[in-house]
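Just target.pdb here, PDB, C-alpha atoms and all ligand atoms:
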MODEL        1
ATOM      1  CA  MET A   1      20.788  -3.479 -12.461
ATOM      2  CA  VAL A   2      19.279  -6.906 -11.825
ATOM      3  CA  GLN A   3      16.063  -7.815 -13.620
ATOM      4  CA  LEU A   4      13.167  -9.162 -11.592
ATOM      5  CA  LEU A   5      11.959 -12.732 -11.619
ATOM      6  CA  PRO A   6       8.774 -13.004 -13.670
ATOM      7  CA  PRO A   7       5.599 -12.394 -11.652
ATOM      8  CA  ARG A   8       3.014 -15.008 -10.849
ATOM      9  CA  THR A   9      -0.445 -14.595 -12.408
ATOM     10  CA  PHE A  10      -3.467 -15.931 -10.538
ATOM     11  CA  THR A  11      -6.812 -16.470 -12.241
ATOM     12  CA  CYS A  12     -10.202 -17.760 -11.221
ATOM     13  CA  PRO A  13     -13.661 -17.242 -12.762
ATOM     14  CA  THR A  14     -14.199 -13.975 -10.857
ATOM     15  CA  ALA A  15     -10.821 -12.234 -11.150
ATOM     16  CA  ARG A  16      -7.229 -12.013 -12.265
ATOM     17  CA  GLY A  17      -4.288 -10.980 -10.105
ATOM     18  CA  VAL A  18      -0.529 -10.559 -10.475
ATOM     19  CA  ILE A  19       2.168 -10.662  -7.761
ATOM     20  CA  TYR A  20       5.932 -10.203  -8.043
ATOM     21  CA  HIS A  21       8.249 -12.073  -5.652
ATOM     22  CA  HIS A  22      10.108  -8.771  -5.392
ATOM     23  CA  GLY A  23       8.356  -7.144  -2.445
ATOM     24  CA  ALA A  24       5.427  -9.628  -2.656
ATOM     25  CA  HIS A  25       4.177  -6.751  -4.730
ATOM     26  CA  VAL A  26       0.619  -7.020  -6.078
ATOM     27  CA  THR A  27       0.486  -5.191  -9.406
ATOM     28  CA  ASP A  28      -2.958  -6.178 -10.676
ATOM     29  CA  TRP A  29      -6.419  -7.027  -9.460
ATOM     30  CA  THR A  30      -8.980  -7.063 -12.251
ATOM     31  CA  PRO A  31     -12.386  -8.502 -11.410
ATOM     32  CA  THR A  32     -13.891 -10.293 -14.413
ATOM     33  CA  GLY A  33     -15.685  -7.840 -16.702
ATOM     34  CA  GLN A  34     -14.193  -4.780 -14.954
ATOM     35  CA  GLU A  35     -11.316  -2.387 -15.544
ATOM     36  CA  PRO A  36      -8.146  -2.921 -13.452
ATOM     37  CA  VAL A  37      -8.581  -1.463  -9.959
ATOM     38  CA  LEU A  38      -4.902  -0.918  -9.129
ATOM     39  CA  TRP A  39      -2.836   1.771 -10.832
ATOM     40  CA  MET A  40       0.629   1.055 -12.271
ATOM     41  CA  SER A  41       2.896   3.694 -13.743
ATOM     42  CA  GLU A  42       3.862   3.360 -17.392
ATOM     43  CA  LYS A  43       7.358   4.406 -16.255
ATOM     44  CA  VAL A  44       7.694   1.638 -13.645
ATOM     45  CA  ARG A  45      11.233   0.238 -13.272
ATOM     46  CA  PHE A  46      11.470  -3.524 -13.050
ATOM     47  CA  ASP A  47      14.732  -3.983 -11.176
ATOM     48  CA  THR A  48      15.749  -5.193  -7.731
ATOM     49  CA  GLU A  49      17.044  -1.796  -6.581
ATOM     50  CA  THR A  50      13.668  -0.056  -6.516
ATOM     51  CA  ALA A  51      10.087  -0.692  -5.482
ATOM     52  CA  LEU A  52       7.603  -1.010  -8.307
ATOM     53  CA  ARG A  53       5.724   2.262  -8.865
ATOM     54  CA  GLY A  54       2.081   1.367  -8.414
ATOM     55  CA  GLY A  55       0.130  -1.643  -7.183
ATOM     56  CA  ILE A  56       0.645  -2.366  -3.475
ATOM     57  CA  PRO A  57       4.156  -1.848  -2.062
ATOM     58  CA  ILE A  58       4.537  -3.266   1.458
ATOM     59  CA  CYS A  59       6.153  -0.643   3.705
ATOM     60  CA  TRP A  60       7.818  -2.327   6.703
ATOM     61  CA  PRO A  61       9.370  -2.039   9.315
ATOM     62  CA  TRP A  62       9.179   1.733   9.010
ATOM     63  CA  PHE A  63       7.211   4.303   7.039
ATOM     64  CA  GLY A  64       8.965   7.056   5.071
ATOM     65  CA  ALA A  65      12.235   7.782   6.874
ATOM     66  CA  GLY A  66      10.902   6.177  10.066
ATOM     67  CA  ARG A  67      10.281   7.619  13.494
ATOM     68  CA  ASP A  68      13.933   8.625  13.823
ATOM     69  CA  GLY A  69      13.664  10.518  10.525
ATOM     70  CA  VAL A  70      16.850   8.977   9.095
ATOM     71  CA  SER A  71      15.977   5.333   8.389
ATOM     72  CA  SER A  72      16.846   4.031   4.977
ATOM     73  CA  PRO A  73      15.680   2.790   2.565
ATOM     74  CA  LEU A  74      12.539   4.942   2.548
ATOM     75  CA  HIS A  75       9.435   2.975   3.560
ATOM     76  CA  GLY A  76      11.588   0.089   4.875
ATOM     77  CA  PHE A  77      13.154  -2.862   3.106
ATOM     78  CA  ALA A  78      10.224  -5.298   2.778
ATOM     79  CA  ARG A  79       9.172  -3.810  -0.565
ATOM     80  CA  LEU A  80      12.692  -4.446  -1.913
ATOM     81  CA  ALA A  81      13.126  -7.986  -0.555
ATOM     82  CA  GLU A  82      12.539 -11.249  -2.425
ATOM     83  CA  TRP A  83       9.585 -13.016  -0.798
ATOM     84  CA  ARG A  84       8.718 -16.721  -1.116
ATOM     85  CA  LEU A  85       5.360 -18.002  -2.342
ATOM     86  CA  VAL A  86       4.361 -20.673   0.181
ATOM     87  CA  ASP A  87       0.742 -21.508  -0.636
ATOM     88  CA  THR A  88      -2.027 -21.016  -3.184
ATOM     89  CA  VAL A  89      -5.636 -22.075  -2.792
ATOM     90  CA  GLU A  90      -8.100 -21.860  -5.669
ATOM     91  CA  SER A  91     -11.853 -22.085  -5.471
ATOM     92  CA  ALA A  92     -14.668 -21.149  -7.838
ATOM     93  CA  ASP A  93     -14.950 -17.597  -6.555
ATOM     94  CA  GLN A  94     -11.463 -16.640  -5.387
ATOM     95  CA  VAL A  95      -7.790 -17.481  -5.504
ATOM     96  CA  LYS A  96      -5.572 -16.981  -2.471
ATOM     97  CA  ALA A  97      -1.799 -16.714  -2.247
ATOM     98  CA  SER A  98       0.521 -16.589   0.772
ATOM     99  CA  TYR A  99       4.029 -15.139   0.752
ATOM    100  CA  LEU A 100       6.710 -15.327   3.417
ATOM    101  CA  LEU A 101       9.694 -13.197   4.448
ATOM    102  CA  VAL A 102      11.891 -14.326   7.347
ATOM    103  CA  ASP A 103      14.716 -12.334   8.941
ATOM    104  CA  ALA A 104      15.692 -10.427   5.796
ATOM    105  CA  ARG A 105      18.142  -7.533   6.310
ATOM    106  CA  PRO A 106      19.367  -8.187   9.895
ATOM    107  CA  ASP A 107      21.760  -5.280   9.258
ATOM    108  CA  LYS A 108      18.715  -2.973   9.139
ATOM    109  CA  PHE A 109      16.462  -4.678  11.691
ATOM    110  CA  ALA A 110      18.222  -6.700  14.375
ATOM    111  CA  HIS A 111      15.196  -8.635  15.706
ATOM    112  CA  PRO A 112      14.166 -12.107  14.481
ATOM    113  CA  TYR A 113      10.762 -11.891  12.744
ATOM    114  CA  ARG A 114       8.498 -13.672  10.333
ATOM    115  CA  LEU A 115       6.210 -11.814   7.896
ATOM    116  CA  THR A 116       3.307 -13.557   6.210
ATOM    117  CA  TYR A 117       1.349 -11.794   3.474
ATOM    118  CA  GLU A 118      -1.957 -13.295   2.451
ATOM    119  CA  VAL A 119      -3.804 -12.012  -0.591
ATOM    120  CA  SER A 120      -7.152 -13.003  -2.050
ATOM    121  CA  PHE A 121      -8.377 -12.127  -5.560
ATOM    122  CA  GLY A 122     -12.067 -12.486  -6.347
ATOM    123  CA  ARG A 123     -15.050 -10.197  -6.788
ATOM    124  CA  ASP A 124     -13.476  -8.409  -3.789
ATOM    125  CA  PHE A 125      -9.779  -8.132  -3.000
ATOM    126  CA  SER A 126      -8.145  -8.542   0.375
ATOM    127  CA  ALA A 127      -4.615  -8.403   1.730
ATOM    128  CA  ALA A 128      -3.308  -9.043   5.244
ATOM    129  CA  LEU A 129       0.195  -8.656   6.642
ATOM    130  CA  THR A 130       1.034 -10.689   9.756
ATOM    131  CA  VAL A 131       4.167  -9.849  11.714
ATOM    132  CA  ARG A 132       5.421 -12.429  14.218
ATOM    133  CA  ASN A 133       8.111 -11.764  16.793
ATOM    134  CA  THR A 134      10.221 -14.946  16.754
ATOM    135  CA  GLY A 135      12.951 -13.527  18.972
ATOM    136  CA  SER A 136      13.382 -13.146  22.719
ATOM    137  CA  SER A 137      12.931  -9.381  23.093
ATOM    138  CA  ARG A 138      10.180  -6.990  22.162
ATOM    139  CA  PHE A 139      10.315  -4.836  19.040
ATOM    140  CA  SER A 140       8.146  -2.197  17.445
ATOM    141  CA  PHE A 141       7.471  -1.387  13.813
ATOM    142  CA  GLU A 142       5.482   0.792  11.451
ATOM    143  CA  ALA A 143       3.668  -0.666   8.454
ATOM    144  CA  ALA A 144       1.706   0.481   5.412
ATOM    145  CA  LEU A 145       0.053  -1.382   2.556
ATOM    146  CA  HIS A 146       0.619   1.441   0.099
ATOM    147  CA  THR A 147      -2.291   0.862  -2.267
ATOM    148  CA  TYR A 148      -2.351   2.794  -5.565
ATOM    149  CA  LEU A 149      -5.941   2.975  -6.834
ATOM    150  CA  LYS A 150      -6.717   3.737 -10.469
ATOM    151  CA  VAL A 151      -9.167   6.616 -10.944
ATOM    152  CA  GLY A 152     -10.514   8.433 -14.010
ATOM    153  CA  ASP A 153      -9.492  11.924 -12.907
ATOM    154  CA  VAL A 154      -8.347  12.580  -9.346
ATOM    155  CA  ARG A 155      -9.658  16.176  -9.588
ATOM    156  CA  GLN A 156     -13.205  14.788  -9.829
ATOM    157  CA  VAL A 157     -12.812  12.199  -7.063
ATOM    158  CA  ARG A 158     -14.018  12.500  -3.486
ATOM    159  CA  LEU A 159     -13.211  10.314  -0.494
ATOM    160  CA  THR A 160     -15.981   9.719   1.994
ATOM    161  CA  GLY A 161     -15.539   8.383   5.528
ATOM    162  CA  LEU A 162     -12.958  10.825   6.880
ATOM    163  CA  ASP A 163     -15.166  13.773   7.866
ATOM    164  CA  GLY A 164     -14.090  14.881  11.352
ATOM    165  CA  ALA A 165     -10.881  12.804  11.374
ATOM    166  CA  ASP A 166      -7.616  14.336  12.544
ATOM    167  CA  TYR A 167      -4.732  14.254  10.090
ATOM    168  CA  LEU A 168      -1.057  15.138   9.859
ATOM    169  CA  ASP A 169      -0.004  16.946   6.704
ATOM    170  CA  ARG A 170       3.324  15.751   5.192
ATOM    171  CA  VAL A 171       3.513  18.001   2.122
ATOM    172  CA  ALA A 172       6.167  20.186   3.775
ATOM    173  CA  GLY A 173       8.430  17.099   4.127
ATOM    174  CA  HIS A 174       7.695  16.773   7.843
ATOM    175  CA  GLU A 175       4.462  16.280   9.731
ATOM    176  CA  VAL A 176       2.331  19.369  10.402
ATOM    177  CA  GLY A 177      -0.832  19.240  12.505
ATOM    178  CA  PRO A 178      -3.058  17.708  13.578
ATOM    179  CA  HIS A 179      -5.695  19.319  11.388
ATOM    180  CA  THR A 180      -9.302  18.192  11.306
ATOM    181  CA  GLN A 181     -10.943  17.068   8.063
ATOM    182  CA  GLN A 182     -14.113  18.951   7.190
ATOM    183  CA  GLY A 183     -16.430  16.982   4.890
ATOM    184  CA  ASP A 184     -15.236  14.735   2.072
ATOM    185  CA  VAL A 185     -11.603  14.740   0.972
ATOM    186  CA  THR A 186     -10.958  16.263  -2.445
ATOM    187  CA  VAL A 187      -7.602  16.609  -4.172
ATOM    188  CA  THR A 188      -6.725  20.087  -5.406
ATOM    189  CA  GLY A 189      -2.931  20.009  -5.119
ATOM    190  CA  GLU A 190      -0.133  17.833  -3.768
ATOM    191  CA  THR A 191      -1.746  15.714  -1.055
ATOM    192  CA  ASP A 192       0.183  13.683   1.526
ATOM    193  CA  ARG A 193      -1.764  13.114   4.725
ATOM    194  CA  ILE A 194      -1.866  10.638   7.561
ATOM    195  CA  TYR A 195      -5.494  10.361   8.683
ATOM    196  CA  GLN A 196      -5.887   9.031  12.213
ATOM    197  CA  SER A 197      -9.024   7.027  11.612
ATOM    198  CA  THR A 198     -10.215   3.431  11.453
ATOM    199  CA  ASN A 199     -13.282   4.222   9.302
ATOM    200  CA  ASP A 200     -14.061   2.655   5.947
ATOM    201  CA  ILE A 201     -13.065   5.020   3.142
ATOM    202  CA  THR A 202     -14.882   5.140  -0.186
ATOM    203  CA  VAL A 203     -13.249   6.577  -3.287
ATOM    204  CA  VAL A 204     -16.117   7.951  -5.366
ATOM    205  CA  ASP A 205     -15.045   8.202  -9.004
ATOM    206  CA  PRO A 206     -17.684   9.714 -11.320
ATOM    207  CA  THR A 207     -15.363   9.521 -14.356
ATOM    208  CA  LEU A 208     -15.006   5.730 -14.247
ATOM    209  CA  ASN A 209     -18.502   5.516 -12.729
ATOM    210  CA  ARG A 210     -17.391   3.341  -9.860
ATOM    211  CA  SER A 211     -16.621   3.497  -6.190
ATOM    212  CA  ILE A 212     -13.895   1.609  -4.342
ATOM    213  CA  THR A 213     -14.396   1.040  -0.630
ATOM    214  CA  VAL A 214     -11.342   0.389   1.525
ATOM    215  CA  SER A 215     -12.287  -1.474   4.740
ATOM    216  CA  ARG A 216      -9.364  -1.807   7.111
ATOM    217  CA  MET A 217      -8.559  -4.236   9.909
ATOM    218  CA  ASN A 218      -6.239  -3.328  12.828
ATOM    219  CA  SER A 219      -5.163  -0.168  11.029
ATOM    220  CA  ASN A 220      -5.279   3.135  12.924
ATOM    221  CA  ASP A 221      -4.017   5.317  10.086
ATOM    222  CA  ALA A 222      -4.959   5.850   6.456
ATOM    223  CA  VAL A 223      -2.405   7.657   4.305
ATOM    224  CA  VAL A 224      -3.838   9.570   1.339
ATOM    225  CA  TRP A 225      -1.313  10.538  -1.321
ATOM    226  CA  ASN A 226      -1.268  12.162  -4.757
ATOM    227  CA  PRO A 227       1.950  13.871  -5.915
ATOM    228  CA  TRP A 228       0.233  16.362  -8.265
ATOM    229  CA  ILE A 229       2.215  18.159 -10.983
ATOM    230  CA  ASP A 230       5.583  19.238  -9.555
ATOM    231  CA  LYS A 231       6.362  16.205  -7.432
ATOM    232  CA  ALA A 232       5.406  13.848 -10.284
ATOM    233  CA  ARG A 233       8.058  15.595 -12.399
ATOM    234  CA  THR A 234      10.750  14.808  -9.838
ATOM    235  CA  MET A 235      10.128  11.036  -9.946
ATOM    236  CA  SER A 236      11.819   9.199 -12.806
ATOM    237  CA  ASP A 237       9.483   6.206 -12.483
ATOM    238  CA  PHE A 238       6.311   8.311 -12.533
ATOM    239  CA  GLY A 239       5.172   9.858 -15.845
ATOM    240  CA  ASP A 240       4.739  13.652 -15.810
ATOM    241  CA  ASP A 241       1.102  13.359 -16.889
ATOM    242  CA  GLU A 242       0.095  10.298 -14.895
ATOM    243  CA  TRP A 243      -0.876  11.942 -11.577
ATOM    244  CA  PRO A 244      -4.585  12.515 -12.473
ATOM    245  CA  GLY A 245      -5.057   8.751 -12.888
ATOM    246  CA  MET A 246      -4.237   7.600  -9.348
ATOM    247  CA  ILE A 247      -4.775   8.068  -5.658
ATOM    248  CA  CYS A 248      -3.139   6.142  -2.843
ATOM    249  CA  VAL A 249      -5.269   5.109   0.119
ATOM    250  CA  GLU A 250      -2.860   3.266   2.399
ATOM    251  CA  THR A 251      -3.744   0.918   5.223
ATOM    252  CA  ALA A 252      -1.230   1.849   7.893
ATOM    253  CA  ASN A 253      -0.002   1.995  11.478
ATOM    254  CA  VAL A 254       2.605   4.722  11.687
ATOM    255  CA  ALA A 255       4.168   7.264  14.077
ATOM    256  CA  GLU A 256       2.318   7.129  17.422
ATOM    257  CA  HIS A 257       0.411   4.071  16.161
ATOM    258  CA  ALA A 258       3.568   1.987  15.656
ATOM    259  CA  VAL A 259       2.956  -1.550  16.903
ATOM    260  CA  THR A 260       4.963  -3.127  19.731
ATOM    261  CA  LEU A 261       5.217  -6.930  19.725
ATOM    262  CA  LEU A 262       6.291  -9.055  22.667
ATOM    263  CA  PRO A 263       8.297 -12.266  22.029
ATOM    264  CA  GLY A 264       6.126 -15.015  20.493
ATOM    265  CA  LYS A 265       3.292 -12.599  19.640
ATOM    266  CA  GLU A 266       1.918 -11.613  16.259
ATOM    267  CA  HIS A 267      -0.075  -8.772  14.753
ATOM    268  CA  THR A 268      -2.177  -8.735  11.575
ATOM    269  CA  MET A 269      -3.145  -5.610   9.644
ATOM    270  CA  GLY A 270      -5.134  -5.780   6.429
ATOM    271  CA  PHE A 271      -7.838  -4.427   4.179
ATOM    272  CA  THR A 272     -10.541  -5.363   1.721
ATOM    273  CA  LEU A 273     -11.424  -3.512  -1.494
ATOM    274  CA  THR A 274     -15.041  -3.632  -2.660
ATOM    275  CA  LEU A 275     -16.336  -2.120  -5.894
ATOM    276  CA  GLY A 276     -19.629  -0.305  -6.289
ATOM    277  CA  SER A 277     -21.237   2.021  -8.789
ATOM    278  CA  VAL A 278     -21.708   5.777  -8.398
ATOM    279  CA  ALA A 279     -25.280   6.763  -7.590
TER     280      ALA A 279
HETATM  281  C1  LIG B 301       3.551   8.106   0.602
HETATM  282  C2  LIG B 301       4.247   9.132   1.445
HETATM  283  O1  LIG B 301       3.074   7.104   1.430
HETATM  284  O2  LIG B 301       4.469   7.558  -0.319
HETATM  285  C3  LIG B 301       4.818  10.203   0.543
HETATM  286  O3  LIG B 301       3.321   9.692   2.372
HETATM  287  C4  LIG B 301       5.751   9.570  -0.487
HETATM  288  O4  LIG B 301       5.524  11.163   1.330
HETATM  289  C5  LIG B 301       4.988   8.488  -1.232
HETATM  290  O5  LIG B 301       6.203  10.560  -1.369
HETATM  291  C6  LIG B 301       5.827   7.736  -2.267
HETATM  292  O6  LIG B 301       6.952   7.212  -1.662
HETATM  293  P1  LIG B 301       8.043   6.437  -2.505
HETATM  294  O7  LIG B 301       9.188   6.153  -1.576
HETATM  295  O8  LIG B 301       7.397   5.161  -3.005
HETATM  296  O9  LIG B 301       8.414   7.340  -3.658
ENDMDL
END
Could I get this file's structure written as structure tokens?
Amino acid sequence: MVQLLPPRTFTCPTARGVIYHHGAHVTDWTPTGQEPVLWMSEKVRFDTETALRGGIPICWPWFGAGRDGVSSPLHGFARLAEWRLVDTVESADQVKASYLLVDARPDKFAHPYRLTYEVSFGRDFSAALTVRNTGSSRFSFEAALHTYLKVGDVRQVRLTGLDGADYLDRVAGHEVGPHTQQGDVTVTGETDRIYQSTNDITVVDPTLNRSITVSRMNSNDAVVWNPWIDKARTMSDFGDDEWPGMICVETANVAEHAVTLLPGKEHTMGFTLTLGSVA
């Protein structure tokens, strides 16, 4: 087991943020005077073999086991790779950081590429992943910014913005559907769904008396995930009693929305998080 390099902490008058080089993994965004917005497991493993449990893992170039169903590691290798910090820009109301990953794991992905990940911490939070095809043939990829949001009690939470959206249900271990969402999303058991929607999604959390709005850019899918009781017990880096405190709302392009890039072209997918209070 190899320990991780220490993370980099970013601060400005409006916020604090933390990013590990391992996976360019954001583990904290805390606006000044607020509770942390991102959830991290108390059982997280800090080693190079695994992705950190919580925060924002970057899933690329495939999601889950990929479109062929057998790709490994799960959710791609970008969340396990060591990224390079290439720029930081501080101003009075935000601090920005850019990370780079170039041609890592050619054994797993045989096309030359360049990934840039730009993050901004302030009163709002934003993250954007740009994929550039630096080779001479086209390639396609899936991607997800697998955001773990901290909530007071997931059983009391509702997600607005997805009424009428089609979704694929992954609880069975494969995709079932499409089904159509009726009304707000509530979590009453293991939940693992790919919503085919570009709408803003608001997590309404009466327990913490706040709302978190996820506004996505160039993302055709939103994955909503909570493992609930039994699945949480199967994960060694996820405490048995931690599942009520989180919900993932992932900014994604997966399955039929995989992106194809011609040589020399690039694609950016991202999101912004905005806090509000509960009416
Ligand atoms: C979600 C998937 O995005 O990530 C779930 O839809 C999966 O199926 C979850 O269980 C966690 O994945 P991992 O690889 O980080 O344990």
> Contacts of stretch 141-154 of chain A at 6 Å or less, counting only C-alpha atoms, minus same-chain residues fewer than 3 places along, as a VMD selection string?
Replying inline: chain A and resid 37 to 39 54 to 63 157 207 to 208 244 to 254 258 to 259
> Care to translate the PyMOL selection byres (((not hetatm)) within 7 of (chain B and resi 301)) into actual residues of this file, as a PyMOL selection string?
Replying inline: chain A and resi 51+53+64+74-75+146+170+192-193+223+225
>> Please list as a PyMOL selection string every residue within 8 Å of A:Ala97, counting only C-alpha atoms and excluding residues in the same chain fewer than 4 positions away.
In response: chain A and resi 85-89+118-120
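Atom CA of A:Arg123 is found 14.7 Å from atom CA of A:Ser215.
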>> For the provided coordinates, the residues matched by the PyMOL selection byres (((chain A and resi 121) around 12) and not hetatm) should be stated as a count of residues only.
In response: 42
